Amino acid sequence: MFSENLNAQQLSAVRHDEGPILVVAGAGSGKTRVITCRIARLIKEKGVAPESILAITFTNKAAREMRDRVTSMLGGGGSSPWIGTFHSFCLRILRTHIDSLGFSKNFVIYDSQDQLSLIKLCMKSANMSEDSFSPKTLLNHISNFKNDFLQPEDVDQEALSYGARLKAAQLYPAYQSELKKNNGVDFDDLLMLAVRLLRENQNAADFYNRRYQYLMVDEFQDTNLAQYHLIRLLCQERSNVCAVGDDDQSIYRWRGANLDNILNFEKDFSGTRVVKLEENYRSTQNILKAAGAVVRENIDRKEKTLWTQNEVGALVVYCRTENDVDEAQTVCEKISTAQREEGDSFSDTAILYRTNAQSRVVEDELRKMNIPYQVVGGQRFYERREIKDVLAYMRVVANPADSVSLRRIVNVPPRGIGKTTMEKVESYCKQHGISFLDGLRKAGTTGFVGSSAGKKIGVFVALMDELTQLCETATIQEFLDRLLDRAGYIKMLEKEGTQDKMREGRARLENIQELYTAVEQFVERDQRGTLGDYLDSATLSADIDSMDDSRGLVSLMTLHTCKGLEFQSVFIIGMENNLLPHASSMGEREEYEEERRLCYVGFTRARKNLCLTNARQRRIYGSFFNYQPSDFLLAIPPETLVKESGVVIPDYAPPPRDVYSRPFSPSAPARFTAPSDDGEFPVGTKVVHPKFGRGSVINREGEGDSLRVVVYFQKAGKKTLAPGLAKLIAL
C-alpha cells in the first residue's frame, strides 16, 4: 500500500527492515517521501509500535511536514511516532533527566542575544576588552568547541595560537560556570548535555534504547560530532538506523557540520546497506546538468549523477553587468517582465546571494520598481527588542535564577534604577554568593544602595512576585495581559508612538499584538501547555520556519538559508571569485569544495528557470573593486548555457581533472590563486590592530614581506598596512 508512486530505489529503501541503511538522496529526489513511507510501512505492515520509532531532522518546518505526511498515511488516531528536531528531542530528554547532571528541570534556554549578554559579563570579569575581541566571535569559537564535543577541560589551550580562538578557550570555563549558576543552557548545550546524560546515566541510556527501536535521521550530512555521538548512543542495543542525506548538499561546515559523518557511515555502522536516490523530480535537465557538472569536480563526495524525466527546459542564463547596481537592475527587470508578460508569481521567485551585505542594492531596486519582497533570514520576530523584553519577564517568572533576563528588564520600562545601583547589587551578590534576584530583595531591605534606589527596586521585586503568583492560576493569555499592564510596557510604547519615534513605536505595538497571536496559536495547539512550554517553543522557532510563501513576495536570502526550499525561478547574484567562491575559502581545499557544494545547492533550488549574474565592478566600503567571474562558471557545459548581451565568460581553460584528485595545496594549478604562500589575511578577514581596533581586509597587494593589506577599521576608516609591522591579529 505504500509502494505507489515510488521508483525502484525509493521502494528498496522503504522496504529495508533491520540493520543500518544509508540513503544517499540527491537534490529533489523525494527523500521526505521515502522517510514517511518507511515509517508508515513499519507501523502498518510490520506491526511496529509507533512510539518505538524516532525520526529526527533539523528544522521545525521539516518536522511539521514529516508529521503531517505520516498522520495522513496512518489516518490519525492512536499513538504516533516521535518526529522532531535534534534540539527539541534533546530538550525533551533533559526536561526529564537533567537533574542527574546538577541542573534543575526548570532550566531556561539562552538564545543568541542572551548568550551575548552573558559572554560580555564574563569578558568584563576577565578584564577583556570588546574593542579587541568581538563577543560574537568568542561565542562562535565556544560554539565550535561544543560542536566538536569539547568540554572546557578538553580544549588544549597550549595548542592554540594567539587570537580570538585562544581567548574563547580561556573564557569557556567561566561562560559555562555562569550558565550553570543561572540554571541556563544554550542551544549547543542541549546536544552536549544530552550526550553527557546518555553516557553518564546508564538507566536513561537503557530506557531510550529500549523505547526507540527504529531511528531515522534526515539531512545526515549536516550532523556535527555531538549529534553523531547522540545517534550512536541511541543505537547501542540495535543498529536499526536509517541515515538519509546528500554529501553534495553539506554546506554548514562553518557551524560544525562534519562531512565525514556521512562519508564514513558504512565504516562506522557495520553491515550498512547503501541506496542511492538519483532521479530528480524538481528541476529541468539543463539545470541538473549544469549543477552536476559543478559539484562533480569535488573530491570528497560519493559518486552519483542526478537525472530526470522532466523536460530539457530553458537554458541557464548568464549575465555579466558593469556594476552591482546594473546587476540588481537587470535581475529586477527580468522579474518584473516575467510577472507582467508571463504571469509568474512573485512568491515563486528567489534571489540568492553568498553574503547578507549583497541584498542591500537589490532591495533598493526592488523598492524602486515597486516589487514586493521579503528578506528571509533577517531579524527574527523573537529577537526584536520589544518581544525580547516581554519574554524576559516571562522567563524570570518561569526561572528566577535567570539573571541575564532579570538584568534586561529591571529598568524596562525606565524605573530610575541606574547603572551605579546595578553595579552595587552585583557586587553584593558576588560577596554573599547569592542570586541576582535575591540581591535585589536585599537591596530593598538592607539599604546598601540607598533608600531611594531601594524603594524603586522594592517596587520592581513586588511586581515580579505578583506576576509569579499570577502565573500559577492564570492562562498564558491572561498572564501576558496582566504583565503588560502592570509593568507599564504598553504605556511606554504608546508614549513613543506620540513623539518623534511615532512609526517605530507603532511598529512595536503591532509586534506586541503579534505576540498575543503567537500565544493564542500556541494555546490552540497545546491547551495543557505551560508558560515554560511556550518559552521553549518560542526559543526553538526559526526564521525560515515562519516564512510566509503565500503573500506574493520575491524571496531574498543567502545560499545557506535557501537549503530545503524550491522556486520556479532562481537568480544567483555575485557569481564572482571572492564572493562565490568566497575569499575565505581560497587557501583550503575543504573550504573551497564547500563553496562548490553551496553553488550546487543554489542551482538545484530552481525548477524551470535559473539565471546567474555577476558584475565587473562592486562597491565595498565606499571604494570600487574589480572581481573576476566565478571559476565555477567554467564547469557549466556550454550546451546548457546562454550568455546574454554579448557577454562572454573569460577564455581560460579549466585545470585537468587529476588536479582535484591530489591533496590540495595553494601552489597547485587549480582554478584559483591562493592569496599568498602562507594564506594569511585574504580579503574578508576580520582583524584587530593595537591602535585602530577592529576592521576587515578589503584589498591586498604583494606577497611575503612585500604584502600590503587595505583594512577598513570601524573607527579609523581605511588604512594600508604591512601585517607584520602593524602587528595585525586575524580573528
# chains A, B, ... in the order shown; residues from 1 in each chain; ligands from 1
$ residues_around --residues "region 508-520 of chain A" --least-positions-apart "4" --cutoff "10 Å" --atoms "only C-alpha atoms" --output "ChimeraX atom specification"
/A:381-382,384-387,390-391,476-477,480-481,484,489-494,496-497,502-504,524-527,531,534-535,538
$ residues_around --residues "region 92-102 of chain A" --least-positions-apart "6" --cutoff "10 Å" --atoms "only C-alpha atoms" --output "CSV table (one decimal) with N, CA, C and O atoms, in the first residue's frame"
chain,number,residue,atom,x,y,z
A,86,PHE,N,16.6,17.8,16.3
A,86,PHE,CA,17.6,17.3,17.3
A,86,PHE,C,17.5,18.1,18.6
A,86,PHE,O,17.5,17.5,19.7
A,180,LYS,N,25.5,27.6,34.3
A,180,LYS,CA,25.0,26.7,35.3
A,180,LYS,C,24.5,27.4,36.5
A,180,LYS,O,23.5,27.1,37.1
A,183,ASN,N,21.2,28.4,36.1
A,183,ASN,CA,20.3,27.3,35.7
A,183,ASN,C,19.9,27.5,34.2
A,183,ASN,O,18.7,27.3,33.9
A,190,LEU,N,22.2,21.9,24.7
A,190,LEU,CA,21.1,20.9,24.5
A,190,LEU,C,21.6,19.6,24.0
A,190,LEU,O,21.3,18.5,24.4
A,191,LEU,N,22.5,19.7,23.0
A,191,LEU,CA,23.1,18.5,22.4
A,191,LEU,C,24.2,17.9,23.3
A,191,LEU,O,24.2,16.7,23.6
A,193,LEU,N,24.7,18.2,26.6
A,193,LEU,CA,24.3,17.7,27.8
A,193,LEU,C,23.5,16.4,27.6
A,193,LEU,O,23.5,15.5,28.5
A,194,ALA,N,22.7,16.3,26.5
A,194,ALA,CA,22.0,15.1,26.2
A,194,ALA,C,23.0,13.9,26.0
A,194,ALA,O,22.7,12.8,26.5
A,196,ARG,N,26.1,13.8,27.2
A,196,ARG,CA,26.7,13.5,28.6
A,196,ARG,C,25.7,12.7,29.4
A,196,ARG,O,26.1,11.7,30.1
A,197,LEU,N,24.4,13.0,29.3
A,197,LEU,CA,23.4,12.3,30.1
A,197,LEU,C,23.4,10.8,29.7
A,197,LEU,O,23.4,9.9,30.6
A,198,LEU,N,23.4,10.5,28.4
A,198,LEU,CA,23.3,9.1,28.0
A,198,LEU,C,24.6,8.4,28.2
A,198,LEU,O,24.6,7.1,28.3
A,200,GLU,N,26.6,9.1,31.0
A,200,GLU,CA,26.8,9.0,32.4
A,200,GLU,C,25.7,8.4,33.2
A,200,GLU,O,25.9,7.9,34.3
A,201,ASN,N,24.5,8.4,32.6
A,201,ASN,CA,23.3,7.8,33.2
A,201,ASN,C,22.9,6.6,32.5
A,201,ASN,O,22.1,6.7,31.5
A,204,ALA,N,19.1,5.9,32.0
A,204,ALA,CA,18.5,6.7,31.0
A,204,ALA,C,18.8,6.2,29.6
A,204,ALA,O,18.0,6.1,28.7
A,208,TYR,N,16.0,4.8,26.7
A,208,TYR,CA,15.8,5.3,25.4
A,208,TYR,C,16.2,4.3,24.3
A,208,TYR,O,15.6,4.3,23.2
$ residues_around --residues "region 154-169 of chain A" --least-positions-apart "4" --cutoff "8 Å" --atoms "only C-alpha atoms" --output "list in words"
Phe133, Thr137, Leu138, Leu139, His141, Ile142, Phe145, Leu150, Pro173, Ile729, Ala730 and Leu731 of chain A
$ write_last_selection --atoms "all heavy atoms" --output "mmCIF file, in the first residue's frame"
data_model
loop_
_atom_site.group_PDB
_atom_site.id
_atom_site.type_symbol
_atom_site.label_atom_id
_atom_site.label_comp_id
_atom_site.auth_asym_id
_atom_site.auth_seq_id
_atom_site.Cartn_x
_atom_site.Cartn_y
_atom_site.Cartn_z
ATOM 1 N N PHE A 133 38.357 42.096 21.084
ATOM 2 C CA PHE A 133 37.775 40.810 20.699
ATOM 3 C C PHE A 133 36.252 40.921 20.706
ATOM 4 O O PHE A 133 35.654 41.279 21.716
ATOM 5 C CB PHE A 133 38.229 39.698 21.647
ATOM 6 C CG PHE A 133 39.707 39.439 21.600
ATOM 7 C CD1 PHE A 133 40.557 40.005 22.535
ATOM 8 C CD2 PHE A 133 40.247 38.658 20.585
ATOM 9 C CE1 PHE A 133 41.918 39.777 22.485
ATOM 10 C CE2 PHE A 133 41.614 38.431 20.525
ATOM 11 C CZ PHE A 133 42.451 38.997 21.464
ATOM 12 N N THR A 137 32.319 36.819 18.105
ATOM 13 C CA THR A 137 33.372 35.930 17.617
ATOM 14 C C THR A 137 33.758 34.917 18.682
ATOM 15 O O THR A 137 33.937 33.725 18.398
ATOM 16 C CB THR A 137 34.603 36.740 17.193
ATOM 17 O OG1 THR A 137 34.244 37.628 16.132
ATOM 18 C CG2 THR A 137 35.725 35.829 16.714
ATOM 19 N N LEU A 138 33.880 35.374 19.921
ATOM 20 C CA LEU A 138 34.219 34.459 21.013
ATOM 21 C C LEU A 138 33.132 33.408 21.197
ATOM 22 O O LEU A 138 33.420 32.228 21.412
ATOM 23 C CB LEU A 138 34.423 35.249 22.309
ATOM 24 C CG LEU A 138 35.578 36.258 22.309
ATOM 25 C CD1 LEU A 138 35.677 36.956 23.659
ATOM 26 C CD2 LEU A 138 36.897 35.578 21.975
ATOM 27 N N LEU A 139 31.876 33.831 21.086
ATOM 28 C CA LEU A 139 30.767 32.874 21.194
ATOM 29 C C LEU A 139 30.814 31.851 20.066
ATOM 30 O O LEU A 139 30.540 30.661 20.288
ATOM 31 C CB LEU A 139 29.428 33.608 21.165
ATOM 32 C CG LEU A 139 28.932 34.202 22.484
ATOM 33 C CD1 LEU A 139 27.652 34.991 22.248
ATOM 34 C CD2 LEU A 139 28.687 33.107 23.521
ATOM 35 N N HIS A 141 33.452 30.724 18.543
ATOM 36 C CA HIS A 141 34.513 29.759 18.850
ATOM 37 C C HIS A 141 34.066 28.785 19.938
ATOM 38 O O HIS A 141 34.340 27.582 19.857
ATOM 39 C CB HIS A 141 35.785 30.483 19.272
ATOM 40 C CG HIS A 141 36.529 31.127 18.140
ATOM 41 N ND1 HIS A 141 36.970 30.429 17.040
ATOM 42 C CD2 HIS A 141 36.906 32.416 17.929
ATOM 43 C CE1 HIS A 141 37.593 31.244 16.200
ATOM 44 N NE2 HIS A 141 37.563 32.459 16.720
ATOM 45 N N ILE A 142 33.389 29.281 20.956
ATOM 46 C CA ILE A 142 32.878 28.399 22.015
ATOM 47 C C ILE A 142 31.873 27.416 21.432
ATOM 48 O O ILE A 142 31.861 26.227 21.776
ATOM 49 C CB ILE A 142 32.249 29.234 23.151
ATOM 50 C CG1 ILE A 142 33.343 29.993 23.915
ATOM 51 C CG2 ILE A 142 31.459 28.344 24.112
ATOM 52 C CD1 ILE A 142 32.813 30.927 24.986
ATOM 53 N N PHE A 145 33.740 24.693 19.763
ATOM 54 C CA PHE A 145 34.244 23.721 20.738
ATOM 55 C C PHE A 145 33.153 22.707 21.076
ATOM 56 O O PHE A 145 33.394 21.497 21.140
ATOM 57 C CB PHE A 145 34.699 24.423 22.026
ATOM 58 C CG PHE A 145 35.899 25.316 21.861
ATOM 59 C CD1 PHE A 145 36.015 26.492 22.598
ATOM 60 C CD2 PHE A 145 36.911 24.992 20.983
ATOM 61 C CE1 PHE A 145 37.117 27.321 22.458
ATOM 62 C CE2 PHE A 145 38.029 25.814 20.832
ATOM 63 C CZ PHE A 145 38.127 26.980 21.563
ATOM 64 N N LEU A 150 33.833 19.204 22.745
ATOM 65 C CA LEU A 150 34.936 19.505 23.655
ATOM 66 C C LEU A 150 34.394 20.241 24.874
ATOM 67 O O LEU A 150 33.838 21.331 24.752
ATOM 68 C CB LEU A 150 35.990 20.369 22.954
ATOM 69 C CG LEU A 150 36.747 19.724 21.789
ATOM 70 C CD1 LEU A 150 37.636 20.752 21.112
ATOM 71 C CD2 LEU A 150 37.584 18.535 22.271
ATOM 72 N N PRO A 173 35.462 28.159 30.320
ATOM 73 C CA PRO A 173 35.063 27.651 31.642
ATOM 74 C C PRO A 173 34.178 28.628 32.412
ATOM 75 O O PRO A 173 33.185 28.221 33.039
ATOM 76 C CB PRO A 173 36.406 27.431 32.358
ATOM 77 C CG PRO A 173 37.407 27.281 31.266
ATOM 78 C CD PRO A 173 36.938 28.177 30.169
ATOM 79 N N ILE A 729 46.258 41.170 14.051
ATOM 80 C CA ILE A 729 45.843 39.847 14.518
ATOM 81 C C ILE A 729 44.585 39.455 13.769
ATOM 82 O O ILE A 729 43.599 40.195 13.762
ATOM 83 C CB ILE A 729 45.576 39.831 16.035
ATOM 84 C CG1 ILE A 729 46.857 40.174 16.804
ATOM 85 C CG2 ILE A 729 45.033 38.480 16.491
ATOM 86 C CD1 ILE A 729 46.646 40.274 18.306
ATOM 87 N N ALA A 730 44.620 38.302 13.095
ATOM 88 C CA ALA A 730 43.436 37.789 12.405
ATOM 89 C C ALA A 730 42.504 37.135 13.414
ATOM 90 O O ALA A 730 42.931 36.336 14.236
ATOM 91 C CB ALA A 730 43.842 36.787 11.331
ATOM 92 N N LEU A 731 41.228 37.502 13.364
ATOM 93 C CA LEU A 731 40.252 36.957 14.313
ATOM 94 C C LEU A 731 39.595 35.704 13.765
ATOM 95 O O LEU A 731 39.471 35.522 12.585
ATOM 96 C CB LEU A 731 39.187 38.014 14.618
ATOM 97 C CG LEU A 731 39.709 39.306 15.235
ATOM 98 C CD1 LEU A 731 38.565 40.274 15.464
ATOM 99 C CD2 LEU A 731 40.430 39.028 16.541
#
$ select_by_dssp --residues "region 150-306 of chain A" --states "alpha helix (DSSP H)" --output "CSV table (one decimal) with C-alpha atoms, in the first residue's frame"
chain,number,residue,atom,x,y,z
A,164,ALA,CA,40.2,35.0,19.4
A,165,ARG,CA,40.2,31.2,19.5
A,166,LEU,CA,42.6,31.2,22.4
A,167,LYS,CA,40.7,33.9,24.2
A,168,ALA,CA,37.5,31.9,23.7
A,169,ALA,CA,39.1,28.8,25.2
A,170,GLN,CA,40.2,30.9,28.2
A,171,LEU,CA,36.7,32.3,28.7
A,172,TYR,CA,34.9,29.0,28.0
A,173,PRO,CA,35.1,27.7,31.6
A,174,ALA,CA,33.7,30.9,33.1
A,175,TYR,CA,30.9,31.0,30.5
A,176,GLN,CA,29.8,27.5,31.3
A,177,SER,CA,30.0,28.3,35.0
A,178,GLU,CA,27.8,31.3,34.7
A,179,LEU,CA,25.3,29.3,32.6
A,180,LYS,CA,25.0,26.7,35.3
A,181,LYS,CA,24.8,29.3,38.0
A,187,PHE,CA,21.5,25.7,22.1
A,188,ASP,CA,24.8,23.8,21.8
A,189,ASP,CA,24.4,22.6,25.4
A,190,LEU,CA,21.1,20.9,24.5
A,191,LEU,CA,23.1,18.5,22.4
A,192,MET,CA,26.2,18.3,24.7
A,193,LEU,CA,24.3,17.7,27.8
A,194,ALA,CA,22.0,15.1,26.2
A,195,VAL,CA,25.1,13.2,25.1
A,196,ARG,CA,26.7,13.5,28.6
A,197,LEU,CA,23.4,12.3,30.1
A,198,LEU,CA,23.3,9.1,28.0
A,199,ARG,CA,26.9,8.4,28.6
A,200,GLU,CA,26.8,9.0,32.4
A,202,GLN,CA,23.1,4.2,32.2
A,203,ASN,CA,19.5,3.9,33.3
A,204,ALA,CA,18.5,6.7,31.0
A,205,ALA,CA,20.5,5.3,28.1
A,206,ASP,CA,18.9,1.9,28.6
A,207,PHE,CA,15.4,3.4,28.7
A,208,TYR,CA,15.8,5.3,25.4
A,209,ASN,CA,17.5,2.4,23.7
A,210,ARG,CA,14.6,0.2,24.6
A,211,ARG,CA,12.0,2.8,23.7
A,225,LEU,CA,30.1,15.5,16.2
A,226,ALA,CA,27.8,15.9,19.2
A,227,GLN,CA,24.8,14.9,17.1
A,228,TYR,CA,26.7,11.9,15.7
A,229,HIS,CA,27.6,10.8,19.3
A,230,LEU,CA,23.9,11.1,20.2
A,231,ILE,CA,22.9,8.9,17.3
A,232,ARG,CA,25.5,6.2,18.2
A,233,LEU,CA,24.3,6.3,21.8
A,234,LEU,CA,20.7,5.7,20.8
A,260,ASP,CA,32.9,12.6,7.4
A,261,ASN,CA,29.8,11.5,9.3
A,262,ILE,CA,28.1,10.6,6.0
A,263,LEU,CA,31.2,9.7,4.0
A,265,PHE,CA,28.8,5.9,7.7
A,266,GLU,CA,29.4,2.5,6.2
A,267,LYS,CA,32.7,2.1,8.2
A,268,ASP,CA,31.1,3.2,11.4
A,285,GLN,CA,17.5,18.5,-17.4
A,286,ASN,CA,19.5,21.6,-18.3
A,287,ILE,CA,19.6,22.8,-14.7
A,288,LEU,CA,20.6,19.4,-13.4
A,289,LYS,CA,23.3,19.0,-16.0
A,290,ALA,CA,24.8,22.4,-15.0
A,291,ALA,CA,24.6,21.7,-11.3
A,292,GLY,CA,26.0,18.2,-11.6
A,293,ALA,CA,29.0,19.5,-13.6
A,294,VAL,CA,29.9,22.0,-11.0
A,295,VAL,CA,29.8,19.7,-7.9
$ atom_distance --atom1 "CA of Ala392 (chain A)" --atom2 "CA of Asn140 (chain A)"
23.3 Å
$ residues_around --residues "region 269-284 of chain A" --least-positions-apart "2" --cutoff "8 Å" --atoms "only C-alpha atoms" --output "VMD selection string"
chain A and resid 9 to 10 12 to 13 19 to 31 239 265 to 267 286 to 288 304 to 314 604 to 608
$ write_last_selection --atoms "N, CA, C and O atoms" --output "short mmCIF file (atom, residue, chain, number, x, y, z; two decimals), in the first residue's frame"
data_model
loop_
_atom_site.label_atom_id
_atom_site.label_comp_id
_atom_site.auth_asym_id
_atom_site.auth_seq_id
_atom_site.Cartn_x
_atom_site.Cartn_y
_atom_site.Cartn_z
N GLN A 9 14.42 2.55 -6.53
CA GLN A 9 15.37 2.85 -5.46
C GLN A 9 14.65 3.31 -4.19
O GLN A 9 15.02 2.92 -3.08
N GLN A 10 13.64 4.15 -4.35
CA GLN A 10 12.87 4.59 -3.19
C GLN A 10 12.21 3.40 -2.51
O GLN A 10 12.22 3.28 -1.28
N SER A 12 13.13 0.31 -2.54
CA SER A 12 14.15 -0.50 -1.88
C SER A 12 14.48 0.04 -0.49
O SER A 12 14.63 -0.72 0.47
N ALA A 13 14.58 1.36 -0.37
CA ALA A 13 14.87 1.97 0.92
C ALA A 13 13.70 1.82 1.88
O ALA A 13 13.89 1.56 3.08
N GLY A 19 18.74 -3.48 10.53
CA GLY A 19 20.11 -3.12 10.27
C GLY A 19 20.25 -1.72 9.71
O GLY A 19 19.27 -1.09 9.29
N PRO A 20 21.48 -1.21 9.69
CA PRO A 20 21.71 0.17 9.24
C PRO A 20 21.55 0.32 7.74
O PRO A 20 21.89 -0.58 6.96
N ILE A 21 21.03 1.47 7.32
CA ILE A 21 20.89 1.77 5.90
C ILE A 21 21.23 3.24 5.67
O ILE A 21 20.84 4.11 6.46
N LEU A 22 21.98 3.50 4.64
CA LEU A 22 22.33 4.86 4.24
C LEU A 22 21.63 5.16 2.93
O LEU A 22 21.85 4.49 1.92
N VAL A 23 20.75 6.16 2.96
CA VAL A 23 20.04 6.59 1.76
C VAL A 23 20.69 7.87 1.26
O VAL A 23 20.55 8.94 1.87
N VAL A 24 21.46 7.76 0.19
CA VAL A 24 22.13 8.93 -0.40
C VAL A 24 21.12 9.57 -1.36
O VAL A 24 20.89 9.08 -2.46
N ALA A 25 20.51 10.66 -0.90
CA ALA A 25 19.37 11.24 -1.60
C ALA A 25 19.78 12.55 -2.26
O ALA A 25 19.98 13.57 -1.59
N GLY A 26 19.91 12.54 -3.57
CA GLY A 26 20.25 13.75 -4.31
C GLY A 26 19.17 14.80 -4.19
O GLY A 26 18.04 14.53 -3.76
N ALA A 27 19.49 16.03 -4.59
CA ALA A 27 18.53 17.13 -4.50
C ALA A 27 17.27 16.81 -5.28
O ALA A 27 17.33 16.33 -6.41
N GLY A 28 16.10 17.04 -4.64
CA GLY A 28 14.82 16.86 -5.31
C GLY A 28 14.48 15.43 -5.65
O GLY A 28 13.68 15.17 -6.56
N SER A 29 15.07 14.46 -4.92
CA SER A 29 14.87 13.04 -5.25
C SER A 29 13.78 12.38 -4.43
O SER A 29 13.60 11.16 -4.51
N GLY A 30 13.06 13.15 -3.60
CA GLY A 30 11.93 12.59 -2.86
C GLY A 30 12.31 11.91 -1.57
O GLY A 30 11.68 10.94 -1.16
N LYS A 31 13.32 12.44 -0.87
CA LYS A 31 13.78 11.78 0.36
C LYS A 31 12.73 11.83 1.46
O LYS A 31 12.60 10.87 2.24
N SER A 239 20.92 -1.66 15.77
CA SER A 239 21.51 -0.79 14.75
C SER A 239 20.50 -0.48 13.67
O SER A 239 20.84 -0.36 12.49
N PHE A 265 29.92 6.62 7.03
CA PHE A 265 28.83 5.90 7.70
C PHE A 265 28.97 4.39 7.56
O PHE A 265 28.76 3.64 8.53
N GLU A 266 29.33 3.94 6.39
CA GLU A 266 29.44 2.49 6.16
C GLU A 266 30.54 1.86 7.02
O GLU A 266 30.43 0.70 7.41
N LYS A 267 31.60 2.62 7.31
CA LYS A 267 32.66 2.11 8.16
C LYS A 267 32.23 2.07 9.62
O LYS A 267 32.58 1.14 10.36
N ASN A 286 18.45 20.66 -18.11
CA ASN A 286 19.54 21.62 -18.26
C ASN A 286 20.07 22.10 -16.91
O ASN A 286 21.28 22.22 -16.71
N ILE A 287 19.15 22.36 -15.99
CA ILE A 287 19.58 22.82 -14.66
C ILE A 287 20.37 21.73 -13.95
O ILE A 287 21.42 21.99 -13.35
N LEU A 288 19.89 20.49 -14.02
CA LEU A 288 20.59 19.38 -13.36
C LEU A 288 21.97 19.14 -13.98
O LEU A 288 22.93 18.86 -13.27
N LYS A 304 27.61 10.12 -7.78
CA LYS A 304 26.19 9.99 -8.13
C LYS A 304 25.92 10.95 -9.29
O LYS A 304 26.62 11.95 -9.47
N THR A 305 24.91 10.65 -10.07
CA THR A 305 24.53 11.50 -11.18
C THR A 305 23.02 11.68 -11.18
O THR A 305 22.27 10.72 -11.37
N LEU A 306 22.59 12.89 -10.94
CA LEU A 306 21.15 13.16 -10.94
C LEU A 306 20.62 13.16 -12.38
O LEU A 306 21.28 13.65 -13.30
N TRP A 307 19.43 12.61 -12.56
CA TRP A 307 18.77 12.62 -13.85
C TRP A 307 17.28 12.86 -13.61
O TRP A 307 16.80 12.79 -12.48
N THR A 308 16.57 13.18 -14.67
CA THR A 308 15.15 13.49 -14.52
C THR A 308 14.39 13.10 -15.77
O THR A 308 14.96 13.05 -16.87
N GLN A 309 13.12 12.83 -15.59
CA GLN A 309 12.23 12.61 -16.72
C GLN A 309 11.53 13.91 -17.13
O GLN A 309 10.70 13.91 -18.04
N ASN A 310 11.87 15.00 -16.42
CA ASN A 310 11.30 16.30 -16.76
C ASN A 310 11.83 16.76 -18.12
O ASN A 310 12.78 16.20 -18.68
N GLU A 311 11.27 17.83 -18.63
CA GLU A 311 11.68 18.39 -19.92
C GLU A 311 13.12 18.90 -19.87
O GLU A 311 13.67 19.15 -18.79
N VAL A 312 13.70 19.05 -21.05
CA VAL A 312 15.06 19.62 -21.13
C VAL A 312 15.05 21.02 -20.55
O VAL A 312 15.95 21.40 -19.78
N GLY A 313 14.04 21.80 -20.88
CA GLY A 313 13.87 23.11 -20.28
C GLY A 313 14.70 24.21 -20.89
O GLY A 313 15.52 23.99 -21.79
N ALA A 314 14.49 25.41 -20.37
CA ALA A 314 15.22 26.58 -20.86
C ALA A 314 16.69 26.49 -20.49
O ALA A 314 17.07 25.84 -19.50
N THR A 604 20.14 23.93 -7.66
CA THR A 604 19.07 22.92 -7.59
C THR A 604 17.84 23.40 -6.82
O THR A 604 16.92 22.62 -6.59
N ARG A 605 17.81 24.67 -6.42
CA ARG A 605 16.56 25.23 -5.88
C ARG A 605 15.60 25.57 -7.02
O ARG A 605 14.40 25.76 -6.78
N ALA A 606 16.10 25.68 -8.24
CA ALA A 606 15.30 26.13 -9.38
C ALA A 606 14.57 24.98 -10.04
O ALA A 606 15.18 23.93 -10.30
N ARG A 607 13.30 25.17 -10.32
CA ARG A 607 12.54 24.16 -11.03
C ARG A 607 12.66 24.33 -12.55
O ARG A 607 12.91 23.36 -13.27
N LYS A 608 12.49 25.57 -13.05
CA LYS A 608 12.46 25.77 -14.51
C LYS A 608 13.43 26.83 -15.02
O LYS A 608 13.95 26.71 -16.13
#
$ residues_around --residues "Ile35 (chain A)" --least-positions-apart "5" --cutoff "10 Å" --atoms "only C-alpha atoms" --output "JSON, numbers by chain"
{"A": [10, 13, 14, 23, 30, 40, 41, 55, 66, 69, 70, 216, 217, 218, 242, 243, 244]}
$ atom_distance --atom1 "CA of Leu728 (chain A)" --atom2 "CA of His689 (chain A)"
5.2 Å
$ residues_around --residues "Leu707 (chain A)" --least-positions-apart "6" --cutoff "9 Å" --atoms "only C-alpha atoms" --output "list in words"
Ser676, Arg700, Glu701, Leu721, Ala722 and Pro723 of chain A
$ closest_residue --among "A:Arg354, A:Arg708, A:Thr530, A:Leu437" --to "Leu579 (chain A)" --atoms "only C-alpha atoms"
A:Arg354
$ closest_residue --among "A:Leu598, A:Ala453, A:Ile698, A:Ile56" --to "Tyr252 (chain A)" --atoms "only C-alpha atoms"
A:Leu598
$ select_by_dssp --residues "region 301-331 of chain A" --states "strand (DSSP E or B)" --output "list in words"
Trp307, Val316, Val317, Tyr318, Cys319, Arg320, Thr321, Glu322 and Asn323 of chain A
